[in-house]
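Participant: This is the structure I have questions about; it appears just below.
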There are 2 protein chains.
Amino acid sequence: MSRKPLAIGTLSHLIGYHLRRASGAFALDFHEAMAGTGMRQVLLGILAIVEANPGVNQGAVGTALGIKRANMVALINELVDAGLLARAVAPDDRRAFSLTLTSVGRERLTECTARIEAHEARMLDQFTNAERQTLIALLARIEARKP
Amino acid sequence: MSRKPLAIGTLSHLIGYHLRRASGAFALDFHEAMAGTGMRQVLLGILAIVEANPGVNQGAVGTALGIKRANMVALINELVDAGLLARAVAPDDRRAFSLTLTSVGRERLTECTARIEAHEARMLDQFTNAERQTLIALLARIEARKP
DNA sequence: TATTGTTATACTCTATAACTATA
DNA sequence: TATAGTTATAGAGTATAACAATA
């Protein structure tokens, strides 16, 4: 017995609401796409940043992804324990950790990237390339707001 | 000592990543905008749905917002305890609860809606009306994907 | 003094399974 | 049997404060 969808009232014209719902839909499908890999959105985000910036400091990765220092610790431990990330004292600053991908980490990232591409293609199969570019450009302007 | 922003590598062309970041930026500013009201995104979402559908069932609200039945219980309790929501046994189905806003709930929603409008205006001050419409339309198509 | 990473902690959101009462 | 709401519980994300080592 299916019921007709409810009116969402004031929410309908709020960008924040639609962002929340769309982001949630992506997160759900992402989670399914990663089944069996043990990887999550945050962890892949970290691996991607380290791949693009080999030797980067732990704190800088957190800043780039909007993750607080205190919360980075457990995440990095998880990736190091899984053998995906190598952590070394930074040569120029003995307080800091310099992060690099291990070869296993590189492989894992490649496998997962393939899954992510499929997931994105599935979620956006009704979108033209122009629409995707438009969407990314609009979202990037929102992110660019100073925190 | 500010450092230059890192390269985000593969993430840059992923809609899912940008949705996550943009949604997070909105959530953060929303949270600040609600300081002192005790209201959160989910709670306002519920109030807005009930306002638009007086007498609606608890479960239907959850379905509309993507909240699991089990998680609705505490949220509705919170709103009822705060005197914002009235919960009555549904006249046509004694298993279900029929929800309506109290007068206090209506006032609270009005106050918060004003804050939310200001928050949206602040987040989107660089966007034209056309761009906002485009963004909402694109996001709505993502949400529309069957769960 | 300020910064990097750490620990401890708490709150919110989300997910699952088993229960009750009604239908 | 199926559905509406409930309880209990666990995992994940996020926030703050206080600390050690280093700058």
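Each chain of the structure tokens is named A, B, ... in the order shown, its residues numbered from 1; ligands are numbered from 1 in display order.
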Contacts from chain C to chain A, 9 Å maximum, only C-alpha atoms (C1' of nucleotides): show me the residue list as a VMD selection string.
Facilitator: chain C and resid 3 to 7
Participant: Would you save the residues from that selection as a PDB file, in the first residue's frame, using N, CA and C atoms (P, O5', C5', C4', C3', O3' and C1' of nucleotides)?
Facilitator:
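Ended up saving to part35.pdb:
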ATOM      1  P    DT C   3      49.795  29.316  15.755  1.00  0.00           P
ATOM      2  O5'  DT C   3      50.420  27.865  15.590  1.00  0.00           O
ATOM      3  C5'  DT C   3      51.674  27.740  14.936  1.00  0.00           C
ATOM      4  C4'  DT C   3      52.077  26.279  14.877  1.00  0.00           C
ATOM      5  C3'  DT C   3      50.963  25.328  14.406  1.00  0.00           C
ATOM      6  O3'  DT C   3      51.542  24.408  13.500  1.00  0.00           O
ATOM      7  C1'  DT C   3      51.824  24.592  16.458  1.00  0.00           C
ATOM      8  P    DT C   4      50.682  23.364  12.662  1.00  0.00           P
ATOM      9  O5'  DT C   4      51.116  21.957  13.254  1.00  0.00           O
ATOM     10  C5'  DT C   4      52.426  21.449  13.011  1.00  0.00           C
ATOM     11  C4'  DT C   4      52.506  20.038  13.587  1.00  0.00           C
ATOM     12  C3'  DT C   4      51.328  19.143  13.210  1.00  0.00           C
ATOM     13  O3'  DT C   4      51.798  17.918  12.666  1.00  0.00           O
ATOM     14  C1'  DT C   4      51.619  19.204  15.581  1.00  0.00           C
ATOM     15  P    DG C   5      50.775  16.865  12.022  1.00  0.00           P
ATOM     16  O5'  DG C   5      50.447  15.918  13.259  1.00  0.00           O
ATOM     17  C5'  DG C   5      51.513  15.147  13.834  1.00  0.00           C
ATOM     18  C4'  DG C   5      51.141  14.716  15.238  1.00  0.00           C
ATOM     19  C3'  DG C   5      49.964  13.730  15.329  1.00  0.00           C
ATOM     20  O3'  DG C   5      50.435  12.508  15.871  1.00  0.00           O
ATOM     21  C1'  DG C   5      49.857  15.412  16.997  1.00  0.00           C
ATOM     22  P    DT C   6      49.433  11.263  16.085  1.00  0.00           P
ATOM     23  O5'  DT C   6      48.908  11.461  17.563  1.00  0.00           O
ATOM     24  C5'  DT C   6      49.842  11.383  18.631  1.00  0.00           C
ATOM     25  C4'  DT C   6      49.135  11.589  19.957  1.00  0.00           C
ATOM     26  C3'  DT C   6      47.928  10.680  20.171  1.00  0.00           C
ATOM     27  O3'  DT C   6      48.304   9.659  21.089  1.00  0.00           O
ATOM     28  C1'  DT C   6      47.544  12.937  20.918  1.00  0.00           C
ATOM     29  P    DT C   7      47.366   8.450  21.386  1.00  0.00           P
ATOM     30  O5'  DT C   7      46.394   9.019  22.519  1.00  0.00           O
ATOM     31  C5'  DT C   7      46.894   9.288  23.828  1.00  0.00           C
ATOM     32  C4'  DT C   7      45.810   9.949  24.662  1.00  0.00           C
ATOM     33  C3'  DT C   7      44.534   9.127  24.833  1.00  0.00           C
ATOM     34  O3'  DT C   7      44.425   8.740  26.201  1.00  0.00           O
ATOM     35  C1'  DT C   7      44.071  11.417  24.362  1.00  0.00           C
TER      36       DT C   7
END
Participant: With 12 Å as the limit and counting only C-alpha atoms (C1' of nucleotides), what residues in chain D lie close to chain B? Please list them as an MDAnalysis selection string.
Facilitator: chainID D and resid 3:9 13:15
Participant: Please, what distance in Å, to one decimal, runs between CA of Gly62 in chain A and C1' of DA15 in chain C?
Facilitator: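 C1' of DA15 in chain C lies at a distance of 26.8 Å from CA of Gly62 in chain A.
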Participant: Counting only C-alpha atoms, what are the residues of chain B within 8 Å of chain A, and for each of them which pair of atoms is the nearest and at what distance in Å, to one decimal? Sort the table by chain and rising number, as a Markdown table.
Facilitator:
| residue | atom | partner | partner_atom | distance |
| --- | --- | --- | --- | --- |
| B:Pro5 | CA | A:Ala64 | CA | 7.0 |
| B:Leu6 | CA | A:Ala64 | CA | 6.4 |
| B:Ala7 | CA | A:Ala52 | CA | 6.0 |
| B:Ile8 | CA | A:Ile49 | CA | 5.3 |
| B:Gly9 | CA | A:Ala52 | CA | 5.0 |
| B:Thr10 | CA | A:Ala48 | CA | 6.3 |
| B:Leu11 | CA | A:Ala48 | CA | 6.8 |
| B:His13 | CA | A:Ile136 | CA | 7.5 |
| B:Leu14 | CA | A:Glu120 | CA | 7.3 |
| B:Ile15 | CA | A:Ile136 | CA | 6.2 |
| B:Gly16 | CA | A:Phe26 | CA | 5.9 |
| B:His18 | CA | A:Leu139 | CA | 6.0 |
| B:Leu19 | CA | A:Ser23 | CA | 5.3 |
| B:Arg20 | CA | A:Ser23 | CA | 5.6 |
| B:Arg21 | CA | A:Glu143 | CA | 6.2 |
| B:Ala22 | CA | A:Glu143 | CA | 5.1 |
| B:Ser23 | CA | A:Leu19 | CA | 5.3 |
| B:Ala25 | CA | A:Glu143 | CA | 6.4 |
| B:Phe26 | CA | A:Gly16 | CA | 5.9 |
| B:Ala27 | CA | A:Gly16 | CA | 7.5 |
| B:Gly45 | CA | A:Leu11 | CA | 7.3 |
| B:Ala48 | CA | A:Gly9 | CA | 6.3 |
| B:Ile49 | CA | A:Ile8 | CA | 5.3 |
| B:Glu51 | CA | A:Gly9 | CA | 7.4 |
| B:Ala52 | CA | A:Gly9 | CA | 5.0 |
| B:Asn53 | CA | A:Ala7 | CA | 6.7 |
| B:Ala60 | CA | A:Leu6 | CA | 7.7 |
| B:Val61 | CA | A:Leu6 | CA | 7.9 |
| B:Ala64 | CA | A:Leu6 | CA | 6.5 |
| B:Glu120 | CA | A:Gly16 | CA | 7.3 |
| B:Met123 | CA | A:Ile142 | CA | 7.1 |
| B:Leu124 | CA | A:Ile142 | CA | 7.4 |
| B:Glu131 | CA | A:Leu138 | CA | 7.9 |
| B:Arg132 | CA | A:Ile15 | CA | 7.6 |
| B:Leu135 | CA | A:Leu135 | CA | 6.8 |
| B:Ile136 | CA | A:Ile15 | CA | 6.2 |
| B:Leu138 | CA | A:Leu135 | CA | 7.1 |
| B:Leu139 | CA | A:Ala22 | CA | 5.9 |
| B:Ala140 | CA | A:His18 | CA | 6.6 |
| B:Ile142 | CA | A:Ala22 | CA | 5.7 |
| B:Glu143 | CA | A:Ala22 | CA | 5.1 |
| B:Arg145 | CA | A:Met123 | CA | 7.7 |
| B:Pro147 | CA | A:Ala25 | CA | 7.9 |
Participant: Determine which residues of range 58-110 of chain B receive a DSSP assignment of strand (DSSP E), computed from the backbone, and state them as a count of residues only.
Facilitator: 15
Participant: Under the rule that only C-alpha atoms are counted, which of A:Ala121, A:Thr110, A:Arg115, A:Asn129 is the nearest residue to Ala33 in chain A?
Facilitator: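 Residue with the minimum atom-to-atom distance to Ala33 in chain A: A:Arg115.
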Participant: For Ala88 in chain B, find every residue with an atom within 9 Å (counting only C-alpha atoms (C1' of nucleotides)), except residues of its own chain fewer than 2 positions away, and show them as an MDAnalysis selection string.
Facilitator: chainID B and resid 55 86 90:91 96:100
Participant: Based on the backbone DSSP call, show me all residues of range 52-82 of chain A assigned alpha helix (DSSP H), as number ranges by chain.
Facilitator: A: 52, 58-65, 69-81
Participant: Tell me, in Å to one decimal, how far CA of Gly36 in chain A is from C1' of DC13 in chain C.
Facilitator: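 For CA of Gly36 in chain A relative to C1' of DC13 in chain C, the distance reads 22.9 Å.
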